[in-house]
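Asker: Questions regarding the structure given below will be posed in turn.
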2 protein chains.
Amino acid sequence: MRFRNSGNVTIIDVAREAGVSYTTVSRVINNNEHVRLPTRERVMKVMESLGYEVNRQARGLAGGRSNIIGLLVPDLGTGYIGEIVRGIDAELGAAQYDLMLYTTHQRKGKEASYVASLARGSVDGLLLVLPRNPGAYRDILNRQNIAYILIDHQGIGEADAAVGATNRQGGYDATEYLLRLGHRRIGFITGTLEMGCAQERLAGYQQALADRGVCADPQLVREGDFHQPRGYTAALELLSLPKPPTAIFASNDVSAFGAMDAIRERGLRIPDDISVVGFDDIAQASSVRPTLTTVRQPLEQMGRTAARLLLECLKNPSHLAKRVELATSLIVRESCRSIETLTEAA
Amino acid sequence: MRFRNSGNVTIIDVAREAGVSYTTVSRVINNNEHVRLPTRERVMKVMESLGYEVNRQARGLAGGRSNIIGLLVPDLGTGYIGEIVRGIDAELGAAQYDLMLYTTHQRKGKEASYVASLARGSVDGLLLVLPRNPGAYRDILNRQNIAYILIDHQGIGEADAAVGATNRQGGYDATEYLLRLGHRRIGFITGTLEMGCAQERLAGYQQALADRGVCADPQLVREGDFHQPRGYTAALELLSLPKPPTAIFASNDVSAFGAMDAIRERGLRIPDDISVVGFDDIAQASSVRPTLTTVRQPLEQMGRTAARLLLECLKNPSHLAKRVELATSLIVRESCRSIETLTEAA
DNA sequence: GTGAAAGCGCTAACAG
DNA sequence: CTGTTAGCGCTTTCAC
């Protein structure tokens with residue numbers, strides 16, 4: 001039953017074959033500079049020919065770190081998380097770290113319990129995407145002295161390291177764009193308002209209206225939940241208003257898709273009769289017809305940045321927690337039209 | 001610098017506190033039966049109070065296994081993979097396994113190299129979603145004696161353990177449904193034809209036509225790639241035919257969305273003017289308007305089954321490779337209409 | 001039932 | 001530059 005070991009070449013096998021001590025082999029593996037070139041080359045050749053591959057468990061045990069980063073996500077349903085993971089993946093892969101995936105599936109309790117169990121042992125650091133309630137486990141994390149970065153969490157006045165996007169500015173930019181196109185009645189479908197990013201987008205929308213001196217009709221703001229079905233019903237509500245909006249700004253692309261469905265179902269055309277703007281710029285935004293004008297969040301970049309920050313913390317634990325906000329940008333596509341044109345057409 | 005260890009309670013601490021040897025503590029952790037109940041309870045209490053958590057690295061090193069399953073996916077972009085992962089996750093979590101995630105991002109070379117590196121050491125088993133070319137690393141896997149299951153790979157005549165869906169039957173069912181509705185000219189948008197599942201779906205479509213004695217116009221079959229933009233252009237091609245189809249069956253939901261866009265852009269209504277069927281039943285299929293009639297693949301179930309199979313192999317390595325096909329089912333929603341009604345309307 | 005002892009494969013001082 | 005020597009925390013025989 002000891003066969004399990006049979007196929008595995010260890011550092012000792014390599015050492016024997018190369019005629020050096022196994023410490024030297026270890027040095028070669030870890031790119032330690034104190035090895036003469038000829039020795040190094042000989043060892044490398046032997047490693048190659050024997051097909052040696054480092055045992056991460058042993059390395060972790062001995063070295064006190066695992067080279068594994070834990071990634072906690074709420075879900076993998078939408079392209080949104082996928083984009084972020086792509087960035088994380090790229091950065092971590094380059095640094096020889098592996099990714100351990102944990103999905104909370106929105107269950108609130110699970111988040112904290114995962115963190116607790118991860119904090120001891122198996123991972124060197126933690127990346128938390130869209131954490132709902134970091135307060136619940138911040139203490140654990142700090143006590144265990146484990147590095148972590150929050151991604152897309154807009155808790156205000158908190159001291160955690162985090163990377164997010166300029167949600168408020170994004171909301172502002174999109175609204176201003178619609179205003180410049182001549183729209184005055186702009187419907188807004190919010191995200192889940194308990195989330196900071198959703199509040200920020202709403203604030204940006206309101207600010208833009210205020211700056212232009214446009215009266216903010218509360219009727220035009222509908223609470224959403226970032227999901228397509230609610231985007232659909234919210235848009236339907238907006239369209240049923242006595243004075244319906246000429247444009248709808250949804251707090252994410254998926255909601256915008258729902259809104260587009262509703263608009264079409266009412267027999268209206270996009271953008272001829274009504275303009276639509278989304279938020280996120282997931283891949284689908286450029287695949288749907290008409291292609292969706294939206295506020296781009298640099299999701300992959302956010303993942304990259306978070307990973308890089310974490311790696312930095314790992315290298316230099318005294319590093320202070322940083323909060324990074326990446327810039328959003330308005331991506332203009334086909335789903336909006338200026339109100340002048342609209343009036344002419346009428 | 002030895003602080004790293006400071007916070008970590010080990011088996012030895014527990015043993016001392018409970019007044020037993022650390023072997024006994026190990027037995028308790030592993031549910032070994034040779035521990036008297038009072039002893040076991042005392043140890044458990046101490047573990048709890050000290051906040052003990054097993055060190056997976058050490059366990060892996062000593063025990064020869066890591067309790068980690070590697071998951072290799074091409075991508076996380078679509079909801080498709082997310083669903084599968086949800087199933088895997090549920091099953092693995094219950095069995096106390098962790099999930100290490102590797103995304104190949106479609107790069108062919110990466111797949112094989114990941115497998116090679118994973119095979120030695122870090123994981124106990126491998127789950128491969130939509131593997132492109134398992135032949136390239138089957139040898140490595142077998143030589144290393146590492147268990148693996150392919151998910152949604154329809155290589156024919158191969159001996160690997162795999163779980164998939166009844167793609168052919170699914171293609172058949174959907175086509176037959178359209179035929180029963182009176183459609184005779186049914187457009188078909190294929191998936192990436194180098195993939196077995198895409199071929200199977202096409203075969204099912206053709207078989208259904210043949211069984212009904214409907215002539216299969218090759219013009220009506222367009223090669224797609226499972227992505228929305230190609231679904232859009234393929235549908236446009238179909239609609240431009242001298243005799244356009246009255247229904248379009250796309251090989252996955254995302255392609256169907258593209259087709260829906262194309263249809264609407266041509267000023268046609270779904271399902272009044274033309275019917276649409278998809279394949280997969282991703283969440284969005286029931287969120288779009290009209291809701292999409294589609295062939296449901298039990299994705300979560302596939303993930304669950306694969307995970308369960310893998311765990312079984314791990315327990316009983318002599319287990320023979322199995323190939324499981326889960327049943328698809330036609331989900332009827334709003335995107336299709338019978339041709340009689342259509343004629344009446346005209 | 002319980003304990004003692006021998007590693008798992010590797011890193012990290014410390015010598016030389 | 002290279003080798004020696006301790007462990008990292010746990011599982012697993014093998015005794016008692």
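Quick note on naming: the chains in the structure tokens go A, B, ... in the order shown, residues restart at 1 in each chain, and ligands are numbered from 1 in order of appearance.
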Present chain A as a tab-separated table (two decimals) with C-alpha atoms, in the first residue's frame, least-squares fitted onto chain B over all of its C-alpha atoms paired in order.
Answerer:
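Written out: result-v7.tsv:
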```tsv
chain	number	residue	atom	x	y	z
A	1	MET	CA	10.20	35.74	13.38
A	2	ARG	CA	8.76	32.54	14.74
A	3	PHE	CA	5.58	34.34	15.53
A	4	ARG	CA	3.80	32.67	12.69
A	5	ASN	CA	3.45	29.67	14.90
A	6	SER	CA	2.34	31.54	17.95
A	7	GLY	CA	-1.34	31.56	17.20
A	8	ASN	CA	-1.56	27.97	16.10
A	9	VAL	CA	-2.81	25.37	18.47
A	10	THR	CA	-1.45	21.95	17.61
A	11	ILE	CA	-2.52	18.47	18.35
A	12	ILE	CA	0.14	18.39	21.05
A	13	ASP	CA	-1.30	21.34	22.91
A	14	VAL	CA	-4.65	19.65	22.90
A	15	ALA	CA	-3.15	16.38	24.08
A	16	ARG	CA	-1.37	18.02	26.99
A	17	GLU	CA	-4.42	19.97	28.03
A	18	ALA	CA	-6.63	16.91	27.85
A	19	GLY	CA	-4.11	14.65	29.52
A	20	VAL	CA	-3.86	12.12	26.70
A	21	SER	CA	-1.29	11.25	24.08
A	22	TYR	CA	-1.48	13.16	20.87
A	23	THR	CA	-2.25	9.99	18.98
A	24	THR	CA	-5.52	9.89	20.81
A	25	VAL	CA	-6.25	13.39	19.73
A	26	SER	CA	-5.49	12.37	16.19
A	27	ARG	CA	-7.96	9.53	16.54
A	28	VAL	CA	-10.64	11.87	17.74
A	29	ILE	CA	-10.04	14.18	14.84
A	30	ASN	CA	-10.34	11.36	12.38
A	31	ASN	CA	-13.40	9.81	13.95
A	32	ASN	CA	-11.51	6.68	14.73
A	33	GLU	CA	-13.77	4.42	16.73
A	34	HIS	CA	-11.16	3.19	19.16
A	35	VAL	CA	-11.63	5.95	21.67
A	36	ARG	CA	-13.84	5.72	24.71
A	37	LEU	CA	-16.67	8.15	24.74
A	38	PRO	CA	-15.60	10.06	27.87
A	39	THR	CA	-12.08	10.46	26.48
A	40	ARG	CA	-13.42	11.58	23.16
A	41	GLU	CA	-15.68	14.11	24.76
A	42	ARG	CA	-12.94	15.50	26.92
A	43	VAL	CA	-10.66	15.91	23.92
A	44	MET	CA	-13.37	17.52	21.88
A	45	LYS	CA	-14.07	19.98	24.63
A	46	VAL	CA	-10.41	20.93	24.82
A	47	MET	CA	-10.18	21.30	21.05
A	48	GLU	CA	-13.10	23.61	21.14
A	49	SER	CA	-11.85	25.72	24.00
A	50	LEU	CA	-8.38	26.01	22.52
A	51	GLY	CA	-9.80	26.72	19.09
A	52	TYR	CA	-7.90	23.88	17.51
A	53	GLU	CA	-8.06	23.51	13.74
A	54	VAL	CA	-6.28	20.74	11.89
A	55	ASN	CA	-3.26	21.68	9.80
A	56	ARG	CA	-4.01	20.35	6.36
A	57	GLN	CA	-0.44	20.46	5.21
A	58	ALA	CA	0.81	18.25	7.96
A	59	ARG	CA	-2.07	15.91	7.56
A	60	GLY	CA	-1.42	15.71	3.88
A	61	LEU	CA	2.24	15.09	4.29
A	62	ALA	CA	1.78	12.38	6.85
A	63	GLY	CA	-1.27	10.77	5.40
A	64	GLY	CA	-0.22	10.80	1.80
A	65	ARG	CA	-3.24	12.71	0.65
A	66	SER	CA	-4.21	16.33	0.66
A	67	ASN	CA	-7.97	16.32	0.73
A	68	ILE	CA	-7.78	18.70	-2.15
A	69	ILE	CA	-9.39	18.17	-5.52
A	70	GLY	CA	-8.09	20.04	-8.51
A	71	LEU	CA	-10.67	21.59	-10.80
A	72	LEU	CA	-9.62	22.51	-14.28
A	73	VAL	CA	-11.99	24.73	-16.22
A	74	PRO	CA	-11.58	26.53	-19.50
A	75	ASP	CA	-13.13	29.71	-18.21
A	76	LEU	CA	-15.57	31.22	-15.77
A	77	GLY	CA	-17.26	33.57	-18.18
A	78	THR	CA	-20.63	31.99	-18.62
A	79	GLY	CA	-23.09	30.77	-16.10
A	80	TYR	CA	-22.58	27.34	-17.56
A	81	ILE	CA	-19.43	26.51	-15.63
A	82	GLY	CA	-20.74	28.24	-12.54
A	83	GLU	CA	-23.61	25.80	-12.33
A	84	ILE	CA	-21.34	22.81	-12.60
A	85	VAL	CA	-19.03	24.20	-9.97
A	86	ARG	CA	-21.94	24.70	-7.65
A	87	GLY	CA	-22.65	21.00	-7.77
A	88	ILE	CA	-19.04	20.01	-7.33
A	89	ASP	CA	-18.71	22.39	-4.48
A	90	ALA	CA	-21.68	21.02	-2.62
A	91	GLU	CA	-20.53	17.45	-2.87
A	92	LEU	CA	-16.90	18.11	-2.07
A	93	GLY	CA	-17.66	20.45	0.79
A	94	ALA	CA	-19.75	17.79	2.46
A	95	ALA	CA	-16.87	15.36	2.19
A	96	GLN	CA	-14.41	17.83	3.68
A	97	TYR	CA	-12.50	18.29	0.48
A	98	ASP	CA	-11.22	21.60	-0.77
A	99	LEU	CA	-11.18	22.82	-4.30
A	100	MET	CA	-8.14	24.11	-6.10
A	101	LEU	CA	-9.11	26.09	-9.15
A	102	TYR	CA	-7.22	26.27	-12.41
A	103	THR	CA	-8.46	28.17	-15.40
A	104	THR	CA	-6.87	27.42	-18.73
A	105	HIS	CA	-8.43	30.41	-20.47
A	106	GLN	CA	-8.74	28.32	-23.58
A	107	ARG	CA	-5.04	28.10	-24.07
A	108	LYS	CA	-4.52	24.58	-25.22
A	109	GLY	CA	-1.00	24.14	-23.98
A	110	LYS	CA	-1.90	25.27	-20.52
A	111	GLU	CA	-4.28	22.42	-20.01
A	112	ALA	CA	-1.66	19.75	-20.36
A	113	SER	CA	0.95	21.59	-18.38
A	114	TYR	CA	-1.41	22.18	-15.48
A	115	VAL	CA	-2.32	18.57	-15.42
A	116	ALA	CA	1.28	17.54	-15.40
A	117	SER	CA	2.13	19.74	-12.49
A	118	LEU	CA	-0.98	18.89	-10.53
A	119	ALA	CA	-0.56	15.23	-11.01
A	120	ARG	CA	2.49	15.26	-8.81
A	121	GLY	CA	1.66	16.22	-5.34
A	122	SER	CA	-0.84	18.79	-4.55
A	123	VAL	CA	-4.15	17.15	-5.34
A	124	ASP	CA	-5.78	13.82	-4.69
A	125	GLY	CA	-7.93	13.88	-7.75
A	126	LEU	CA	-8.81	15.94	-10.73
A	127	LEU	CA	-12.05	17.15	-12.22
A	128	LEU	CA	-11.74	18.34	-15.79
A	129	VAL	CA	-14.56	20.41	-17.21
A	130	LEU	CA	-14.82	20.50	-20.97
A	131	PRO	CA	-11.35	19.16	-21.55
A	132	ARG	CA	-10.20	19.80	-25.06
A	133	ASN	CA	-7.63	17.14	-25.50
A	134	PRO	CA	-7.46	14.62	-22.71
A	135	GLY	CA	-5.34	12.35	-24.85
A	136	ALA	CA	-2.44	14.72	-24.32
A	137	TYR	CA	-2.20	13.98	-20.64
A	138	ARG	CA	-4.05	10.77	-20.05
A	139	ASP	CA	-0.74	8.96	-19.83
A	140	ILE	CA	0.59	11.28	-17.18
A	141	LEU	CA	-2.54	10.87	-15.14
A	142	ASN	CA	-2.46	7.14	-15.36
A	143	ARG	CA	1.21	6.86	-14.66
A	144	GLN	CA	0.83	8.99	-11.55
A	145	ASN	CA	-2.12	6.89	-10.67
A	146	ILE	CA	-4.22	9.94	-9.99
A	147	ALA	CA	-7.98	9.71	-10.18
A	148	TYR	CA	-9.78	11.99	-12.58
A	149	ILE	CA	-13.20	12.49	-14.07
A	150	LEU	CA	-14.01	14.32	-17.27
A	151	ILE	CA	-17.08	16.51	-17.26
A	152	ASP	CA	-19.02	17.18	-20.41
A	153	HIS	CA	-16.49	15.58	-22.66
A	154	GLN	CA	-18.04	13.38	-25.27
A	155	GLY	CA	-15.01	11.72	-26.67
A	156	ILE	CA	-16.24	8.57	-28.26
A	157	GLY	CA	-14.96	5.13	-27.52
A	158	GLU	CA	-12.69	6.36	-24.79
A	159	ALA	CA	-12.11	4.60	-21.56
A	160	ASP	CA	-11.93	7.59	-19.24
A	161	ALA	CA	-14.40	8.08	-16.48
A	162	ALA	CA	-16.70	10.86	-17.52
A	163	VAL	CA	-20.03	12.45	-16.88
A	164	GLY	CA	-22.04	14.16	-19.55
A	165	ALA	CA	-25.56	14.70	-20.69
A	166	THR	CA	-27.70	13.03	-23.32
A	167	ASN	CA	-26.84	15.62	-25.92
A	168	ARG	CA	-28.11	13.64	-28.83
A	169	GLN	CA	-31.42	12.92	-27.20
A	170	GLY	CA	-31.71	16.55	-26.20
A	171	GLY	CA	-31.19	17.67	-29.76
A	172	TYR	CA	-33.71	15.11	-30.87
A	173	ASP	CA	-36.34	16.14	-28.34
A	174	ALA	CA	-36.18	19.83	-29.12
A	175	THR	CA	-36.37	19.21	-32.84
A	176	GLU	CA	-39.25	16.84	-32.45
A	177	TYR	CA	-41.06	19.40	-30.33
A	178	LEU	CA	-40.74	21.96	-33.09
A	179	LEU	CA	-41.89	19.41	-35.64
A	180	ARG	CA	-44.92	18.63	-33.55
A	181	LEU	CA	-45.70	22.32	-33.47
A	182	GLY	CA	-45.88	22.08	-37.23
A	183	HIS	CA	-42.54	23.58	-38.14
A	184	ARG	CA	-40.88	22.08	-41.19
A	185	ARG	CA	-38.10	24.52	-41.91
A	186	ILE	CA	-36.05	24.49	-38.72
A	187	GLY	CA	-32.79	26.37	-38.71
A	188	PHE	CA	-29.97	24.91	-36.66
A	189	ILE	CA	-26.99	26.77	-35.23
A	190	THR	CA	-24.31	24.31	-34.21
A	191	GLY	CA	-21.78	24.59	-31.42
A	192	THR	CA	-18.06	24.33	-31.88
A	193	LEU	CA	-18.05	21.24	-34.01
A	194	GLU	CA	-14.74	19.95	-32.78
A	195	MET	CA	-16.51	19.24	-29.53
A	196	GLY	CA	-18.31	15.98	-29.17
A	197	CYS	CA	-21.35	17.48	-27.48
A	198	ALA	CA	-21.88	19.84	-30.42
A	199	GLN	CA	-21.76	16.96	-32.86
A	200	GLU	CA	-24.22	15.00	-30.81
A	201	ARG	CA	-26.75	17.80	-30.69
A	202	LEU	CA	-26.53	18.17	-34.42
A	203	ALA	CA	-26.95	14.44	-34.87
A	204	GLY	CA	-30.07	14.53	-32.71
A	205	TYR	CA	-31.50	17.31	-34.82
A	206	GLN	CA	-30.83	15.43	-38.04
A	207	GLN	CA	-32.19	12.20	-36.68
A	208	ALA	CA	-35.46	13.80	-35.62
A	209	LEU	CA	-35.91	15.29	-39.07
A	210	ALA	CA	-35.16	11.97	-40.70
A	211	ASP	CA	-37.54	10.08	-38.44
A	212	ARG	CA	-40.32	12.40	-39.49
A	213	GLY	CA	-39.36	12.19	-43.10
A	214	VAL	CA	-38.58	15.87	-43.27
A	215	CYS	CA	-35.97	16.73	-45.83
A	216	ALA	CA	-32.87	18.19	-44.17
A	217	ASP	CA	-32.00	21.30	-46.11
A	218	PRO	CA	-28.25	21.80	-45.56
A	219	GLN	CA	-28.78	25.54	-45.96
A	220	LEU	CA	-30.58	25.51	-42.66
A	221	VAL	CA	-27.58	24.34	-40.68
A	222	ARG	CA	-25.05	27.00	-39.76
A	223	GLU	CA	-21.83	26.38	-37.92
A	224	GLY	CA	-21.59	28.34	-34.70
A	225	ASP	CA	-19.20	28.55	-31.79
A	226	PHE	CA	-21.39	28.66	-28.68
A	227	HIS	CA	-21.00	32.43	-28.44
A	228	GLN	CA	-23.60	35.15	-28.70
A	229	PRO	CA	-22.14	37.20	-31.56
A	230	ARG	CA	-21.95	34.20	-33.81
A	231	GLY	CA	-25.48	33.23	-32.80
A	232	TYR	CA	-26.51	36.63	-34.00
A	233	THR	CA	-24.80	36.49	-37.38
A	234	ALA	CA	-25.78	32.88	-37.99
A	235	ALA	CA	-29.41	33.76	-37.38
A	236	LEU	CA	-29.09	36.70	-39.72
A	237	GLU	CA	-27.85	34.33	-42.40
A	238	LEU	CA	-30.77	32.03	-41.81
A	239	LEU	CA	-33.25	34.89	-42.00
A	240	SER	CA	-31.75	36.03	-45.28
A	241	LEU	CA	-32.39	32.72	-46.96
A	242	PRO	CA	-34.84	32.76	-49.87
A	243	LYS	CA	-36.99	30.46	-47.81
A	244	PRO	CA	-36.16	31.36	-44.20
A	245	PRO	CA	-36.90	28.96	-41.37
A	246	THR	CA	-39.96	29.31	-39.14
A	247	ALA	CA	-37.97	28.18	-36.14
A	248	ILE	CA	-34.36	28.32	-35.01
A	249	PHE	CA	-32.75	25.80	-32.72
A	250	ALA	CA	-29.45	27.00	-31.29
A	251	SER	CA	-26.94	24.63	-29.74
A	252	ASN	CA	-26.75	26.63	-26.55
A	253	ASP	CA	-28.69	29.36	-24.81
A	254	VAL	CA	-26.13	32.03	-25.38
A	255	SER	CA	-26.27	31.47	-29.12
A	256	ALA	CA	-30.03	31.54	-28.88
A	257	PHE	CA	-29.85	34.97	-27.28
A	258	GLY	CA	-27.82	36.15	-30.23
A	259	ALA	CA	-30.40	34.69	-32.55
A	260	MET	CA	-33.18	36.44	-30.67
A	261	ASP	CA	-31.40	39.74	-31.13
A	262	ALA	CA	-31.11	39.12	-34.84
A	263	ILE	CA	-34.75	38.18	-35.17
A	264	ARG	CA	-35.93	41.28	-33.37
A	265	GLU	CA	-33.62	43.44	-35.38
A	266	ARG	CA	-35.29	42.14	-38.49
A	267	GLY	CA	-38.57	43.35	-37.07
A	268	LEU	CA	-39.88	39.86	-36.41
A	269	ARG	CA	-41.59	38.78	-33.24
A	270	ILE	CA	-40.79	35.81	-31.03
A	271	PRO	CA	-42.64	33.50	-31.00
A	272	ASP	CA	-45.34	34.95	-33.25
A	273	ASP	CA	-43.23	35.12	-36.37
A	274	ILE	CA	-40.50	32.69	-35.50
A	275	SER	CA	-39.81	30.21	-32.73
A	276	VAL	CA	-36.52	29.84	-30.88
A	277	VAL	CA	-35.11	26.99	-28.83
A	278	GLY	CA	-31.86	26.93	-26.89
A	279	PHE	CA	-29.79	24.35	-25.06
A	280	ASP	CA	-28.42	24.33	-21.49
A	281	ASP	CA	-31.05	26.21	-19.52
A	282	ILE	CA	-28.72	28.65	-17.86
A	283	ALA	CA	-30.35	31.02	-15.38
A	284	GLN	CA	-30.74	33.72	-17.95
A	285	ALA	CA	-32.94	31.53	-20.12
A	286	SER	CA	-35.80	32.13	-17.74
A	287	SER	CA	-34.95	35.80	-17.24
A	288	VAL	CA	-35.06	37.00	-20.82
A	289	ARG	CA	-38.27	37.98	-22.58
A	290	PRO	CA	-39.80	36.02	-23.99
A	291	THR	CA	-38.52	33.32	-21.68
A	292	LEU	CA	-36.57	30.77	-23.64
A	293	THR	CA	-37.73	27.26	-24.38
A	294	THR	CA	-34.62	25.17	-24.06
A	295	VAL	CA	-33.11	21.77	-23.44
A	296	ARG	CA	-32.09	21.57	-19.85
A	297	GLN	CA	-28.75	20.09	-19.03
A	298	PRO	CA	-28.61	19.14	-15.38
A	299	LEU	CA	-25.39	21.04	-14.91
A	300	GLU	CA	-25.36	21.16	-11.16
A	301	GLN	CA	-26.26	17.51	-11.09
A	302	MET	CA	-23.42	16.77	-13.47
A	303	GLY	CA	-21.01	18.50	-11.12
A	304	ARG	CA	-22.40	16.58	-8.18
A	305	THR	CA	-22.19	13.28	-9.96
A	306	ALA	CA	-18.66	13.85	-11.13
A	307	ALA	CA	-17.54	14.79	-7.66
A	308	ARG	CA	-19.25	11.78	-6.18
A	309	LEU	CA	-17.67	9.48	-8.73
A	310	LEU	CA	-14.27	10.91	-8.00
A	311	LEU	CA	-14.66	10.50	-4.27
A	312	GLU	CA	-15.68	6.94	-4.87
A	313	CYS	CA	-12.57	6.29	-6.95
A	314	LEU	CA	-10.47	7.79	-4.18
A	315	LYS	CA	-11.97	5.47	-1.62
A	316	ASN	CA	-11.78	2.45	-3.79
A	317	PRO	CA	-8.99	2.86	-6.33
A	318	SER	CA	-9.72	-0.45	-7.97
A	319	HIS	CA	-13.01	1.01	-9.08
A	320	LEU	CA	-13.50	0.87	-12.77
A	321	ALA	CA	-13.89	3.99	-14.82
A	322	LYS	CA	-17.51	4.71	-15.41
A	323	ARG	CA	-19.22	6.83	-17.99
A	324	VAL	CA	-22.42	8.44	-16.87
A	325	GLU	CA	-24.90	10.24	-19.04
A	326	LEU	CA	-27.47	12.36	-17.28
A	327	ALA	CA	-30.80	12.95	-18.92
A	328	THR	CA	-31.58	16.26	-20.53
A	329	SER	CA	-35.13	17.54	-20.53
A	330	LEU	CA	-37.05	19.93	-22.66
A	331	ILE	CA	-38.16	23.01	-20.76
A	332	VAL	CA	-41.06	24.60	-22.55
A	333	ARG	CA	-41.38	28.34	-22.06
A	334	GLU	CA	-42.59	31.18	-24.20
A	335	SER	CA	-40.30	31.31	-27.19
A	336	CYS	CA	-42.09	28.81	-29.41
A	337	ARG	CA	-45.44	28.73	-31.10
A	338	SER	CA	-47.21	26.27	-33.27
A	339	ILE	CA	-47.20	26.88	-37.00
A	340	GLU	CA	-50.98	26.52	-37.25
A	341	THR	CA	-51.46	29.61	-35.17
A	342	LEU	CA	-48.84	31.29	-37.24
A	343	THR	CA	-50.71	30.52	-40.43
A	344	GLU	CA	-54.00	31.67	-39.03
A	345	ALA	CA	-52.43	34.94	-38.06
A	346	ALA	CA	-51.05	35.47	-41.54
```
Asker: Pick out the chain C residues within 8 Å of chain A. Count only C-alpha atoms (C1' of nucleotides). Give them as a list in words.
Answerer: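 Those within range of chain A come out as DC8, DG9, DC10, DT11 and DA12 of chain C.
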Asker: With a distance cut-off of 12 Å and only C-alpha atoms (C1' of nucleotides), select the neighbouring residues of DC14 (chain D), excluding the residue or stretch itself and same-chain residues fewer than 5 positions from it, and output the selection as an mmCIF file with C-alpha atoms (C1' of nucleotides), in the first residue's frame.
Answerer:
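Ended up saving to selection.cif:
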```cif
data_model
loop_
_atom_site.group_PDB
_atom_site.id
_atom_site.type_symbol
_atom_site.label_atom_id
_atom_site.label_comp_id
_atom_site.auth_asym_id
_atom_site.auth_seq_id
_atom_site.Cartn_x
_atom_site.Cartn_y
_atom_site.Cartn_z
ATOM 1 C "C1'" DG C 3 0.932 5.538 23.856
ATOM 2 C "C1'" DA C 4 5.733 5.674 21.666
ATOM 3 C "C1'" DA C 5 8.231 6.290 17.757
ATOM 4 C "C1'" DA C 6 9.173 6.707 12.976
#
```
Asker: Leaving out DT5 (chain D) and any residue of its chain fewer than 3 positions from it, which residues lie within 10 Å of it when counting only C-alpha atoms (C1' of nucleotides), given as a CSV table (one decimal) with C-alpha atoms (C1' of nucleotides), in the first residue's frame?
Answerer:
```csv
chain,number,residue,atom,x,y,z
C,13,DA,C1',19.4,28.2,10.6
C,14,DC,C1',24.1,27.2,11.5
C,15,DA,C1',28.6,25.3,10.4
```
Asker: Mind checking DSSP for region 265-320 of chain B and telling me the alpha helix (DSSP H) residues as a list of chain:residue names?
Answerer: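 The alpha helix (DSSP H) subset of region 265-320 of chain B is B:Glu265, B:Leu299, B:Glu300, B:Gln301, B:Met302, B:Gly303, B:Arg304, B:Thr305, B:Ala306, B:Ala307, B:Arg308, B:Leu309, B:Leu310, B:Leu311, B:Glu312, B:Cys313, B:Leu314, B:Lys315.
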Asker: Could you make a table, as JSON lines, of the residues of chain D that have an atom within 10 Å of an atom of chain B, each with its nearest atom pair and distance in Å to one decimal, counting only C-alpha atoms (C1' of nucleotides), in chain and number order?
Answerer:
```
{"residue": "D:DC8", "atom": "C1'", "partner": "B:Ala58", "partner_atom": "CA", "distance": 7.6}
{"residue": "D:DG9", "atom": "C1'", "partner": "B:Ala58", "partner_atom": "CA", "distance": 4.9}
{"residue": "D:DC10", "atom": "C1'", "partner": "B:Arg59", "partner_atom": "CA", "distance": 4.8}
{"residue": "D:DT11", "atom": "C1'", "partner": "B:Gly63", "partner_atom": "CA", "distance": 5.1}
{"residue": "D:DT12", "atom": "C1'", "partner": "B:Gly63", "partner_atom": "CA", "distance": 8.2}
```
Asker: According to DSSP computed on the backbone, where in region 68-298 of chain A is there strand (DSSP E or B)? Give the residues as a ChimeraX atom specification.
Answerer: /A:68-73,98-103,125-129,147-151,162-165,186-189,221-222,247-250,275-280,293-296
